[in-house]
>>> print(open('structure-v6.pdb').read())   # PDB, C-alpha atoms and all ligand atoms
ATOM      1  CA  MET A   1     -33.893  -2.957 -28.052
ATOM      2  CA  ALA A   2     -30.373  -1.737 -28.644
ATOM      3  CA  ALA A   3     -30.007   2.007 -28.739
ATOM      4  CA  ALA A   4     -29.138   3.414 -32.108
ATOM      5  CA  PRO A   5     -25.647   4.846 -32.311
ATOM      6  CA  ALA A   6     -25.375   8.602 -32.097
ATOM      7  CA  PRO A   7     -25.257  10.155 -35.547
ATOM      8  CA  SER A   8     -22.003  11.863 -34.722
ATOM      9  CA  GLY A   9     -19.846  12.799 -31.798
ATOM     10  CA  PRO A  10     -17.850  10.908 -29.199
ATOM     11  CA  ALA A  11     -19.051   8.569 -26.464
ATOM     12  CA  ALA A  12     -21.337   9.731 -23.679
ATOM     13  CA  GLY A  13     -19.542  11.864 -21.140
ATOM     14  CA  VAL A  14     -16.893  12.941 -23.633
ATOM     15  CA  ALA A  15     -17.145  16.472 -25.008
ATOM     16  CA  VAL A  16     -14.140  16.438 -27.328
ATOM     17  CA  ARG A  17     -12.140  13.533 -28.680
ATOM     18  CA  LEU A  18      -8.945  13.737 -30.730
ATOM     19  CA  ARG A  19      -7.386  10.637 -32.249
ATOM     20  CA  GLY A  20      -4.103  10.655 -34.119
ATOM     21  CA  VAL A  21      -4.592  14.305 -34.958
ATOM     22  CA  THR A  22      -1.830  16.073 -36.849
ATOM     23  CA  LYS A  23      -1.633  19.392 -38.636
ATOM     24  CA  THR A  24       0.864  20.331 -41.306
ATOM     25  CA  TYR A  25       0.318  23.749 -42.851
ATOM     26  CA  ASP A  26       0.474  24.369 -46.579
ATOM     27  CA  ASN A  27       3.949  25.823 -46.237
ATOM     28  CA  GLY A  28       5.188  22.486 -44.869
ATOM     29  CA  VAL A  29       5.326  23.513 -41.186
ATOM     30  CA  ARG A  30       4.369  20.525 -39.095
ATOM     31  CA  ALA A  31       2.603  22.288 -36.246
ATOM     32  CA  LEU A  32       0.921  19.576 -34.232
ATOM     33  CA  GLY A  33       0.661  15.970 -33.262
ATOM     34  CA  PRO A  34      -0.021  13.234 -33.425
ATOM     35  CA  ILE A  35      -2.328  13.875 -30.480
ATOM     36  CA  ASP A  36      -4.847  11.654 -28.704
ATOM     37  CA  LEU A  37      -7.012  13.475 -26.166
ATOM     38  CA  ASP A  38     -10.410  13.098 -24.532
ATOM     39  CA  VAL A  39     -11.984  15.999 -22.679
ATOM     40  CA  GLY A  40     -14.935  15.131 -20.464
ATOM     41  CA  LYS A  41     -18.195  17.027 -20.462
ATOM     42  CA  GLY A  42     -17.981  19.789 -17.913
ATOM     43  CA  GLU A  43     -14.257  19.351 -17.477
ATOM     44  CA  PHE A  44     -11.792  22.258 -17.219
ATOM     45  CA  VAL A  45      -8.621  21.308 -19.072
ATOM     46  CA  SER A  46      -5.583  23.428 -19.884
ATOM     47  CA  LEU A  47      -3.195  22.929 -22.767
ATOM     48  CA  LEU A  48       0.158  24.193 -21.554
ATOM     49  CA  GLY A  49       3.155  24.556 -23.814
ATOM     50  CA  PRO A  50       5.818  26.876 -25.150
ATOM     51  CA  SER A  51       5.071  29.508 -27.750
ATOM     52  CA  GLY A  52       4.762  28.017 -31.234
ATOM     53  CA  CYS A  53       4.068  24.461 -30.068
ATOM     54  CA  GLY A  54       0.698  24.285 -31.781
ATOM     55  CA  LYS A  55      -1.752  25.258 -29.018
ATOM     56  CA  SER A  56      -3.741  27.675 -31.151
ATOM     57  CA  THR A  57      -3.651  25.160 -33.968
ATOM     58  CA  ALA A  58      -5.179  22.546 -31.654
ATOM     59  CA  LEU A  59      -7.992  24.897 -30.627
ATOM     60  CA  ARG A  60      -8.723  25.838 -34.221
ATOM     61  CA  LEU A  61      -8.970  22.159 -35.161
ATOM     62  CA  ILE A  62     -11.398  21.535 -32.282
ATOM     63  CA  ALA A  63     -13.455  24.572 -33.285
ATOM     64  CA  GLY A  64     -13.593  23.349 -36.881
ATOM     65  CA  LEU A  65     -11.902  26.548 -38.081
ATOM     66  CA  SER A  66      -9.184  24.443 -39.677
ATOM     67  CA  ALA A  67      -9.013  20.816 -40.854
ATOM     68  CA  ALA A  68      -6.680  18.156 -39.434
ATOM     69  CA  SER A  69      -4.086  16.757 -41.829
ATOM     70  CA  SER A  70      -4.680  13.291 -40.392
ATOM     71  CA  GLY A  71      -6.662  11.705 -37.580
ATOM     72  CA  PHE A  72     -10.047  12.910 -36.441
ATOM     73  CA  VAL A  73     -11.651  15.416 -34.119
ATOM     74  CA  GLU A  74     -15.063  14.653 -32.620
ATOM     75  CA  VAL A  75     -17.146  17.157 -30.727
ATOM     76  CA  SER A  76     -20.161  15.982 -28.749
ATOM     77  CA  GLY A  77     -23.608  16.762 -29.995
ATOM     78  CA  ALA A  78     -22.113  18.314 -33.063
ATOM     79  CA  GLN A  79     -23.652  18.347 -36.430
ATOM     80  CA  ALA A  80     -20.691  19.408 -38.510
ATOM     81  CA  SER A  81     -22.215  22.792 -39.246
ATOM     82  CA  LYS A  82     -23.627  23.555 -35.801
ATOM     83  CA  LYS A  83     -21.035  23.007 -33.150
ATOM     84  CA  SER A  84     -21.912  24.306 -29.741
ATOM     85  CA  ILE A  85     -18.624  26.073 -29.263
ATOM     86  CA  GLY A  86     -17.662  29.512 -28.011
ATOM     87  CA  PHE A  87     -14.184  30.824 -28.832
ATOM     88  CA  VAL A  88     -12.282  33.458 -26.881
ATOM     89  CA  PHE A  89      -9.212  34.685 -28.743
ATOM     90  CA  GLN A  90      -6.045  36.133 -27.298
ATOM     91  CA  GLU A  91      -7.038  39.557 -28.588
ATOM     92  CA  PRO A  92     -10.553  40.705 -27.654
ATOM     93  CA  THR A  93     -11.235  41.452 -31.378
ATOM     94  CA  LEU A  94     -14.127  43.847 -30.672
ATOM     95  CA  MET A  95     -15.777  46.062 -33.255
ATOM     96  CA  PRO A  96     -14.524  49.539 -32.232
ATOM     97  CA  TRP A  97     -17.344  51.457 -33.904
ATOM     98  CA  THR A  98     -20.163  50.063 -31.836
ATOM     99  CA  SER A  99     -21.201  49.528 -28.232
ATOM    100  CA  VAL A 100     -20.393  46.730 -25.827
ATOM    101  CA  HIS A 101     -23.993  45.591 -26.122
ATOM    102  CA  GLU A 102     -23.834  45.350 -29.924
ATOM    103  CA  ASN A 103     -20.503  43.546 -29.784
ATOM    104  CA  VAL A 104     -21.941  40.901 -27.493
ATOM    105  CA  ARG A 105     -25.156  40.616 -29.495
ATOM    106  CA  LEU A 106     -23.360  39.998 -32.806
ATOM    107  CA  PRO A 107     -23.335  36.156 -32.741
ATOM    108  CA  LEU A 108     -27.094  36.136 -32.098
ATOM    109  CA  LYS A 109     -27.647  38.519 -34.969
ATOM    110  CA  LEU A 110     -25.618  36.242 -37.238
ATOM    111  CA  ALA A 111     -27.712  33.295 -36.029
ATOM    112  CA  HIS A 112     -30.950  35.213 -36.769
ATOM    113  CA  VAL A 113     -32.172  34.991 -33.190
ATOM    114  CA  SER A 114     -35.313  37.102 -32.697
ATOM    115  CA  PRO A 115     -34.695  40.645 -31.401
ATOM    116  CA  ASP A 116     -36.508  40.068 -28.096
ATOM    117  CA  GLU A 117     -34.630  36.910 -27.300
ATOM    118  CA  ALA A 118     -31.332  38.430 -28.441
ATOM    119  CA  GLU A 119     -31.932  41.373 -26.123
ATOM    120  CA  ALA A 120     -32.576  39.117 -23.142
ATOM    121  CA  ARG A 121     -29.613  36.870 -23.823
ATOM    122  CA  THR A 122     -27.235  39.756 -24.397
ATOM    123  CA  GLY A 123     -28.298  41.262 -21.090
ATOM    124  CA  GLU A 124     -27.757  37.948 -19.359
ATOM    125  CA  ALA A 125     -24.278  37.455 -20.871
ATOM    126  CA  LEU A 126     -23.248  40.971 -19.841
ATOM    127  CA  ALA A 127     -24.473  40.290 -16.313
ATOM    128  CA  GLN A 128     -22.508  37.042 -16.211
ATOM    129  CA  VAL A 129     -19.243  38.904 -16.812
ATOM    130  CA  GLY A 130     -20.174  41.838 -14.548
ATOM    131  CA  LEU A 131     -20.529  44.423 -17.312
ATOM    132  CA  SER A 132     -24.232  45.298 -17.201
ATOM    133  CA  GLU A 133     -23.436  48.901 -16.428
ATOM    134  CA  PHE A 134     -21.162  49.216 -19.441
ATOM    135  CA  ALA A 135     -23.590  47.996 -22.089
ATOM    136  CA  ASN A 136     -23.595  51.355 -23.852
ATOM    137  CA  ALA A 137     -19.866  52.019 -23.572
ATOM    138  CA  TYR A 138     -17.548  51.760 -26.564
ATOM    139  CA  PRO A 139     -14.554  49.423 -26.574
ATOM    140  CA  ARG A 140     -12.114  52.380 -26.477
ATOM    141  CA  GLU A 141     -13.570  53.411 -23.130
ATOM    142  CA  LEU A 142     -12.731  50.074 -21.525
ATOM    143  CA  SER A 143      -9.631  48.694 -19.807
ATOM    144  CA  GLY A 144      -7.914  45.592 -21.199
ATOM    145  CA  GLY A 145      -9.588  43.390 -18.601
ATOM    146  CA  MET A 146     -13.018  44.802 -19.407
ATOM    147  CA  LYS A 147     -12.480  44.254 -23.131
ATOM    148  CA  MET A 148     -11.659  40.656 -22.385
ATOM    149  CA  ARG A 149     -14.871  40.397 -20.358
ATOM    150  CA  VAL A 150     -16.786  41.630 -23.386
ATOM    151  CA  SER A 151     -15.060  39.010 -25.496
ATOM    152  CA  LEU A 152     -16.029  36.355 -22.950
ATOM    153  CA  ALA A 153     -19.645  37.563 -22.895
ATOM    154  CA  ARG A 154     -19.726  37.367 -26.694
ATOM    155  CA  ALA A 155     -18.550  33.743 -26.484
ATOM    156  CA  LEU A 156     -21.141  32.920 -23.792
ATOM    157  CA  VAL A 157     -24.103  34.644 -25.417
ATOM    158  CA  THR A 158     -24.985  31.654 -27.607
ATOM    159  CA  ASP A 159     -24.819  29.422 -24.513
ATOM    160  CA  PRO A 160     -22.274  26.997 -26.010
ATOM    161  CA  ASP A 161     -21.517  23.657 -24.342
ATOM    162  CA  ILE A 162     -17.813  24.079 -24.951
ATOM    163  CA  LEU A 163     -15.679  27.143 -24.377
ATOM    164  CA  LEU A 164     -12.301  27.318 -26.126
ATOM    165  CA  MET A 165     -10.008  29.991 -24.718
ATOM    166  CA  ASP A 166      -6.722  30.891 -26.392
ATOM    167  CA  GLU A 167      -4.406  32.631 -23.914
ATOM    168  CA  PRO A 168      -7.193  35.077 -23.147
ATOM    169  CA  PHE A 169      -5.498  36.757 -20.198
ATOM    170  CA  ALA A 170      -1.874  36.712 -21.370
ATOM    171  CA  ALA A 171      -1.733  40.431 -22.114
ATOM    172  CA  LEU A 172      -3.279  41.564 -18.816
ATOM    173  CA  ASP A 173      -1.541  42.755 -15.694
ATOM    174  CA  GLU A 174      -1.299  40.217 -12.917
ATOM    175  CA  ILE A 175      -3.947  41.643 -10.607
ATOM    176  CA  THR A 176      -6.469  41.839 -13.447
ATOM    177  CA  ARG A 177      -5.528  38.347 -14.602
ATOM    178  CA  PHE A 178      -6.058  36.923 -11.109
ATOM    179  CA  ARG A 179      -9.462  38.584 -10.903
ATOM    180  CA  LEU A 180     -10.487  37.230 -14.283
ATOM    181  CA  ASN A 181      -9.196  33.789 -13.294
ATOM    182  CA  ASN A 182     -11.497  33.819 -10.276
ATOM    183  CA  ASP A 183     -14.460  35.109 -12.257
ATOM    184  CA  LEU A 184     -13.903  32.485 -14.940
ATOM    185  CA  LEU A 185     -13.852  29.735 -12.305
ATOM    186  CA  ALA A 186     -17.093  31.052 -10.825
ATOM    187  CA  LEU A 187     -18.685  31.053 -14.284
ATOM    188  CA  TRP A 188     -17.459  27.538 -14.929
ATOM    189  CA  ARG A 189     -18.915  26.348 -11.619
ATOM    190  CA  ASN A 190     -22.266  27.989 -12.303
ATOM    191  CA  LEU A 191     -22.646  27.269 -15.996
ATOM    192  CA  ARG A 192     -21.009  23.832 -16.069
ATOM    193  CA  LYS A 193     -19.431  24.255 -19.462
ATOM    194  CA  THR A 194     -16.547  22.254 -20.830
ATOM    195  CA  VAL A 195     -13.534  24.561 -20.950
ATOM    196  CA  ILE A 196     -10.341  24.015 -22.937
ATOM    197  CA  PHE A 197      -7.968  26.759 -21.898
ATOM    198  CA  VAL A 198      -4.670  27.448 -23.640
ATOM    199  CA  THR A 199      -1.869  29.120 -21.746
ATOM    200  CA  HIS A 200       1.900  29.188 -21.505
ATOM    201  CA  SER A 201       1.695  29.960 -17.780
ATOM    202  CA  VAL A 202       2.244  27.030 -15.424
ATOM    203  CA  PHE A 203       0.751  29.048 -12.575
ATOM    204  CA  GLU A 204      -2.390  29.911 -14.455
ATOM    205  CA  SER A 205      -2.922  26.367 -15.725
ATOM    206  CA  VAL A 206      -2.605  24.866 -12.242
ATOM    207  CA  TYR A 207      -4.840  27.478 -10.652
ATOM    208  CA  LEU A 208      -7.683  27.007 -13.093
ATOM    209  CA  SER A 209      -7.698  23.425 -14.255
ATOM    210  CA  GLN A 210      -8.858  20.052 -13.177
ATOM    211  CA  ARG A 211      -6.318  18.637 -15.623
ATOM    212  CA  VAL A 212      -3.199  20.157 -17.164
ATOM    213  CA  ILE A 213      -1.917  18.756 -20.458
ATOM    214  CA  VAL A 214       1.780  19.540 -20.945
ATOM    215  CA  MET A 215       2.820  19.818 -24.576
ATOM    216  CA  THR A 216       6.203  19.460 -26.265
ATOM    217  CA  PRO A 217       7.649  22.099 -28.581
ATOM    218  CA  ARG A 218       6.518  21.961 -32.209
ATOM    219  CA  PRO A 219       5.134  19.702 -33.456
ATOM    220  CA  GLY A 220       3.118  19.765 -30.231
ATOM    221  CA  GLN A 221       2.502  16.391 -28.689
ATOM    222  CA  ILE A 222       1.298  15.476 -25.222
ATOM    223  CA  ALA A 223       4.316  15.064 -22.971
ATOM    224  CA  ALA A 224       2.552  14.624 -19.635
ATOM    225  CA  GLU A 225      -0.695  15.295 -17.893
ATOM    226  CA  PHE A 226      -1.533  16.213 -14.347
ATOM    227  CA  ARG A 227      -4.750  16.005 -12.410
ATOM    228  CA  ILE A 228      -5.031  19.005 -10.094
ATOM    229  CA  ASP A 229      -7.055  17.986  -7.086
ATOM    230  CA  ALA A 230      -7.984  20.861  -4.850
ATOM    231  CA  ALA A 231     -10.878  21.720  -2.603
ATOM    232  CA  GLU A 232     -13.635  23.550  -4.489
ATOM    233  CA  PRO A 233     -14.346  26.342  -4.818
ATOM    234  CA  ARG A 234     -10.792  27.435  -5.447
ATOM    235  CA  THR A 235     -10.022  30.868  -4.093
ATOM    236  CA  GLU A 236      -7.019  33.070  -3.539
ATOM    237  CA  ALA A 237      -6.197  30.839  -0.572
ATOM    238  CA  PHE A 238      -5.419  28.067  -3.063
ATOM    239  CA  ARG A 239      -2.840  30.302  -4.774
ATOM    240  CA  THR A 240      -0.788  30.530  -1.629
ATOM    241  CA  SER A 241      -1.259  26.935  -0.460
ATOM    242  CA  PRO A 242       1.517  24.327  -0.325
ATOM    243  CA  GLY A 243      -0.567  22.046  -2.565
ATOM    244  CA  TYR A 244      -0.650  24.681  -5.274
ATOM    245  CA  SER A 245       3.121  25.184  -5.073
ATOM    246  CA  ALA A 246       3.716  21.441  -5.286
ATOM    247  CA  HIS A 247       1.551  21.105  -8.390
ATOM    248  CA  CYS A 248       3.289  24.095  -9.991
ATOM    249  CA  ARG A 249       6.669  22.549  -9.316
ATOM    250  CA  ASP A 250       5.675  19.175 -10.807
ATOM    251  CA  VAL A 251       4.174  20.771 -13.893
ATOM    252  CA  SER A 252       7.180  23.095 -14.350
ATOM    253  CA  ILE A 253       9.565  20.154 -14.234
ATOM    254  CA  ALA A 254       7.497  18.248 -16.797
ATOM    255  CA  LEU A 255       7.387  21.285 -19.074
ATOM    256  CA  ALA A 256      11.164  21.775 -18.848
ATOM    257  CA  GLN A 257      11.737  18.074 -19.490
ATOM    258  CA  ALA A 258       9.399  18.081 -22.469
ATOM    259  CA  SER A 259      11.226  21.057 -23.959
ATOM    260  CA  GLY A 260      14.674  19.651 -23.207
ATOM    261  CA  GLU A 261      13.918  16.226 -24.614
ATOM    262  CA  LYS A 262      12.574  17.700 -27.803
ATOM    263  CA  LEU A 263      15.557  20.033 -28.214
ATOM    264  CA  ALA A 264      17.975  17.182 -27.654
ATOM    265  CA  SER A 265      16.332  14.853 -30.137
TER     266      SER A 265
HETATM  267  P1  LIG B   1       1.034  28.370 -30.308
HETATM  268  O1  LIG B   1      -0.382  28.786 -30.254
HETATM  269  O2  LIG B   1       1.367  27.242 -29.381
HETATM  270  O3  LIG B   1       1.983  29.515 -30.098
HETATM  271  P2  LIG B   1       0.492  27.944 -33.134
HETATM  272  O4  LIG B   1      -0.525  26.875 -33.168
HETATM  273  O5  LIG B   1       0.031  29.326 -33.340
HETATM  274  O6  LIG B   1       1.334  27.807 -31.782
HETATM  275  O7  LIG B   1       1.593  27.652 -34.232
HETATM  276  C1  LIG B   1       2.297  26.423 -34.296
HETATM  277  C2  LIG B   1       3.300  26.512 -35.451
HETATM  278  O8  LIG B   1       2.597  26.582 -36.671
HETATM  279  C3  LIG B   1       4.187  27.739 -35.403
HETATM  280  O9  LIG B   1       5.472  27.377 -35.865
HETATM  281  C4  LIG B   1       3.519  28.702 -36.357
HETATM  282  O10 LIG B   1       4.457  29.561 -36.943
HETATM  283  C5  LIG B   1       2.935  27.753 -37.389
HETATM  284  N1  LIG B   1       1.689  28.270 -37.978
HETATM  285  C6  LIG B   1       0.580  28.682 -37.315
HETATM  286  N2  LIG B   1      -0.380  29.056 -38.176
HETATM  287  C7  LIG B   1       0.127  28.868 -39.410
HETATM  288  C8  LIG B   1      -0.369  29.062 -40.740
HETATM  289  N3  LIG B   1      -1.620  29.510 -40.944
HETATM  290  N4  LIG B   1       0.439  28.764 -41.767
HETATM  291  C9  LIG B   1       1.689  28.316 -41.561
HETATM  292  N5  LIG B   1       2.231  28.089 -40.342
HETATM  293  C10 LIG B   1       1.475  28.370 -39.289
HETATM  294 MG    MG B   2      -1.196  30.611 -29.848
END
>>> encode(input="structure-v6.pdb", output="structure tokens")
Amino acid sequence: MAAAPAPSGPAAGVAVRLRGVTKTYDNGVRALGPIDLDVGKGEFVSLLGPSGCGKSTALRLIAGLSAASSGFVEVSGAQASKKSIGFVFQEPTLMPWTSVHENVRLPLKLAHVSPDEAEARTGEALAQVGLSEFANAYPRELSGGMKMRVSLARALVTDPDILLMDEPFAALDEITRFRLNNDLLALWRNLRKTVIFVTHSVFESVYLSQRVIVMTPRPGQIAAEFRIDAAEPRTEAFRTSPGYSAHCRDVSIALAQASGEKLAS
């Protein structure tokens, strides 16, 4: 007997599928596309492009926070109203008047998860980002990196299949960013989530990703893509390896070409 088609969502093995996706805002700004993209389940993909090229727009379309002007976005396992997506914004966007614990617990509260289960899952998410000891602290007591960890825990607490991250570490100092890069990779290895990571840093995209998608300036289209093969687990040794430098060079050239071509056209 033939299997019934899935009620919604892309083919098996694909977490997110974009086909002919464009976005034009109400004010007439054509921000994105057309874009065709498949992201595999469990894959770590970066969208790399200059400021204003439509990266945040792309993430918002995938998250269902905004509607495409044309084309379609499919997310695996998704009933339109219940997408298994966690979103980490560029700003940690924490509630300043309450504790780390309450900030992380918020999505469970909104989903009416029982208090006992919410307690357990909040504790687990805080442990995953290394903040168990700061559960009762207030956001103002935390460093920028710690606030971002809280934001990450809040995205993980509902155990989403897909994590969308919008330049989460862009405002952090380099040492903190490197540490968070490593911790994010460890989480990705352990939790096996699909990650779509937006950045304008070539170095960050190459360090983190299995695949780097290079975008053109607005309206953002896919100019090139690179598979980053490296021995796992990636560590600081990868950052200083010749392979890493070579990938960074290739990606940088593609990014410059994409920008130049668009400016010249
Ligand atoms: P990126 O994240 O790559 O910096 P964005 O997706 O934020 O780019 O924005 C792409 C373009 O769309 C920019 O020119 C931006 O000014 C414009 N834009 C973003 N959001 C809106 C909006 N809500 N209304 C109108 N224009 C917008
Ligand atoms: Mg952005």
>>> residues_near_ligand(input="structure-v6.pdb", ligand="ligand LIG 1 (chain B)", cutoff="9 Å", atoms="all atoms listed in the file", output="number ranges by chain")
A: 23-32, 48-60, 166-167, 198-200, 215, 217-220
>>> closest_residue(input="structure-v6.pdb", among="A:Phe197, A:Phe44, A:Phe134, A:Tyr207", to="ligand MG 2 (chain B)", atoms="only C-alpha atoms and all ligand atoms")
A:Phe197
>>> closest_residue(input="structure-v6.pdb", among="A:Met148, A:Ile35, A:Ala68, A:Ala118", to="A:Glu91", atoms="all atoms listed in the file")
A:Met148
>>> resolve_selection(input="structure-v6.pdb", expression="the PyMOL selection byres (((chain A and resi 157) around 10) and not hetatm)", output="list in words")
Gly86, Val104, Arg105, Leu106, Pro107, Leu108, Ala118, Ala120, Arg121, Thr122, Gly123, Glu124, Ala125, Leu126, Gln128, Leu152, Ala153, Arg154, Ala155, Leu156, Thr158, Asp159 and Pro160 of chain A
>>> closest_residue(input="structure-v6.pdb", among="A:Ser84, A:Gln90, A:Asn190, A:Ser46", to="ligand MG 2 (chain B)", atoms="all atoms listed in the file")
A:Gln90
>>> residues_around(input="structure-v6.pdb", residues="stretch 239-256 of chain A", least_positions_apart="4", cutoff="10 Å", atoms="only C-alpha atoms", output="PyMOL selection string")
chain A and resi 48-50+178+200-207+212-217+223-230+234-235+260-262
>>> closest_residue(input="structure-v6.pdb", among="A:Gln221, A:Glu102, A:Trp188, A:Thr176", to="A:Thr22", atoms="only C-alpha atoms")
A:Gln221
>>> decode(input="structure-v6.pdb", residues="stretch 10-31 of chain A", atoms="N, CA and C atoms", output="PDB file, in the first residue's frame")
ATOM      1  N   PRO A  10       8.022  19.549   3.954  1.00  0.00           N
ATOM      2  CA  PRO A  10       8.849  19.091   2.850  1.00  0.00           C
ATOM      3  C   PRO A  10       9.161  17.599   2.931  1.00  0.00           C
ATOM      4  N   ALA A  11       9.924  17.126   1.944  1.00  0.00           N
ATOM      5  CA  ALA A  11      10.261  15.713   1.860  1.00  0.00           C
ATOM      6  C   ALA A  11      11.053  15.265   3.092  1.00  0.00           C
ATOM      7  N   ALA A  12      11.072  13.939   3.273  1.00  0.00           N
ATOM      8  CA  ALA A  12      11.828  13.366   4.383  1.00  0.00           C
ATOM      9  C   ALA A  12      13.274  13.842   4.324  1.00  0.00           C
ATOM     10  N   GLY A  13      13.839  14.106   5.467  1.00  0.00           N
ATOM     11  CA  GLY A  13      15.238  14.523   5.501  1.00  0.00           C
ATOM     12  C   GLY A  13      15.431  16.006   5.300  1.00  0.00           C
ATOM     13  N   VAL A  14      14.375  16.699   4.887  1.00  0.00           N
ATOM     14  CA  VAL A  14      14.485  18.151   4.689  1.00  0.00           C
ATOM     15  C   VAL A  14      13.736  18.855   5.824  1.00  0.00           C
ATOM     16  N   ALA A  15      14.427  19.757   6.494  1.00  0.00           N
ATOM     17  CA  ALA A  15      13.791  20.471   7.614  1.00  0.00           C
ATOM     18  C   ALA A  15      13.073  21.719   7.132  1.00  0.00           C
ATOM     19  N   VAL A  16      13.716  22.425   6.193  1.00  0.00           N
ATOM     20  CA  VAL A  16      13.159  23.690   5.703  1.00  0.00           C
ATOM     21  C   VAL A  16      13.361  23.749   4.197  1.00  0.00           C
ATOM     22  N   ARG A  17      12.301  24.117   3.505  1.00  0.00           N
ATOM     23  CA  ARG A  17      12.401  24.240   2.043  1.00  0.00           C
ATOM     24  C   ARG A  17      11.814  25.573   1.609  1.00  0.00           C
ATOM     25  N   LEU A  18      12.605  26.318   0.830  1.00  0.00           N
ATOM     26  CA  LEU A  18      12.133  27.585   0.260  1.00  0.00           C
ATOM     27  C   LEU A  18      12.132  27.437  -1.258  1.00  0.00           C
ATOM     28  N   ARG A  19      11.056  27.848  -1.890  1.00  0.00           N
ATOM     29  CA  ARG A  19      10.991  27.804  -3.345  1.00  0.00           C
ATOM     30  C   ARG A  19      10.458  29.119  -3.894  1.00  0.00           C
ATOM     31  N   GLY A  20      11.298  29.781  -4.670  1.00  0.00           N
ATOM     32  CA  GLY A  20      10.887  31.029  -5.311  1.00  0.00           C
ATOM     33  C   GLY A  20      10.415  32.085  -4.329  1.00  0.00           C
ATOM     34  N   VAL A  21      11.052  32.094  -3.162  1.00  0.00           N
ATOM     35  CA  VAL A  21      10.571  32.986  -2.096  1.00  0.00           C
ATOM     36  C   VAL A  21      11.074  34.421  -2.301  1.00  0.00           C
ATOM     37  N   THR A  22      10.149  35.350  -2.296  1.00  0.00           N
ATOM     38  CA  THR A  22      10.514  36.764  -2.320  1.00  0.00           C
ATOM     39  C   THR A  22       9.770  37.482  -1.203  1.00  0.00           C
ATOM     40  N   LYS A  23      10.324  38.635  -0.833  1.00  0.00           N
ATOM     41  CA  LYS A  23       9.632  39.489   0.138  1.00  0.00           C
ATOM     42  C   LYS A  23       9.783  40.944  -0.275  1.00  0.00           C
ATOM     43  N   THR A  24       8.672  41.576  -0.502  1.00  0.00           N
ATOM     44  CA  THR A  24       8.631  43.023  -0.729  1.00  0.00           C
ATOM     45  C   THR A  24       7.794  43.617   0.396  1.00  0.00           C
ATOM     46  N   TYR A  25       8.373  44.561   1.119  1.00  0.00           N
ATOM     47  CA  TYR A  25       7.633  45.158   2.240  1.00  0.00           C
ATOM     48  C   TYR A  25       6.584  46.150   1.723  1.00  0.00           C
ATOM     49  N   ASP A  26       5.688  46.495   2.604  1.00  0.00           N
ATOM     50  CA  ASP A  26       4.574  47.382   2.238  1.00  0.00           C
ATOM     51  C   ASP A  26       5.045  48.719   1.669  1.00  0.00           C
ATOM     52  N   ASN A  27       6.229  49.142   2.121  1.00  0.00           N
ATOM     53  CA  ASN A  27       6.733  50.428   1.629  1.00  0.00           C
ATOM     54  C   ASN A  27       7.420  50.296   0.265  1.00  0.00           C
ATOM     55  N   GLY A  28       7.349  49.100  -0.331  1.00  0.00           N
ATOM     56  CA  GLY A  28       7.911  48.909  -1.664  1.00  0.00           C
ATOM     57  C   GLY A  28       9.337  48.398  -1.672  1.00  0.00           C
ATOM     58  N   VAL A  29       9.979  48.290  -0.494  1.00  0.00           N
ATOM     59  CA  VAL A  29      11.356  47.771  -0.448  1.00  0.00           C
ATOM     60  C   VAL A  29      11.355  46.291  -0.784  1.00  0.00           C
ATOM     61  N   ARG A  30      12.079  45.941  -1.832  1.00  0.00           N
ATOM     62  CA  ARG A  30      12.207  44.537  -2.187  1.00  0.00           C
ATOM     63  C   ARG A  30      13.410  43.996  -1.411  1.00  0.00           C
ATOM     64  N   ALA A  31      13.132  43.227  -0.387  1.00  0.00           N
ATOM     65  CA  ALA A  31      14.175  42.839   0.567  1.00  0.00           C
ATOM     66  C   ALA A  31      14.859  41.530   0.193  1.00  0.00           C
TER      67      ALA A  31
END
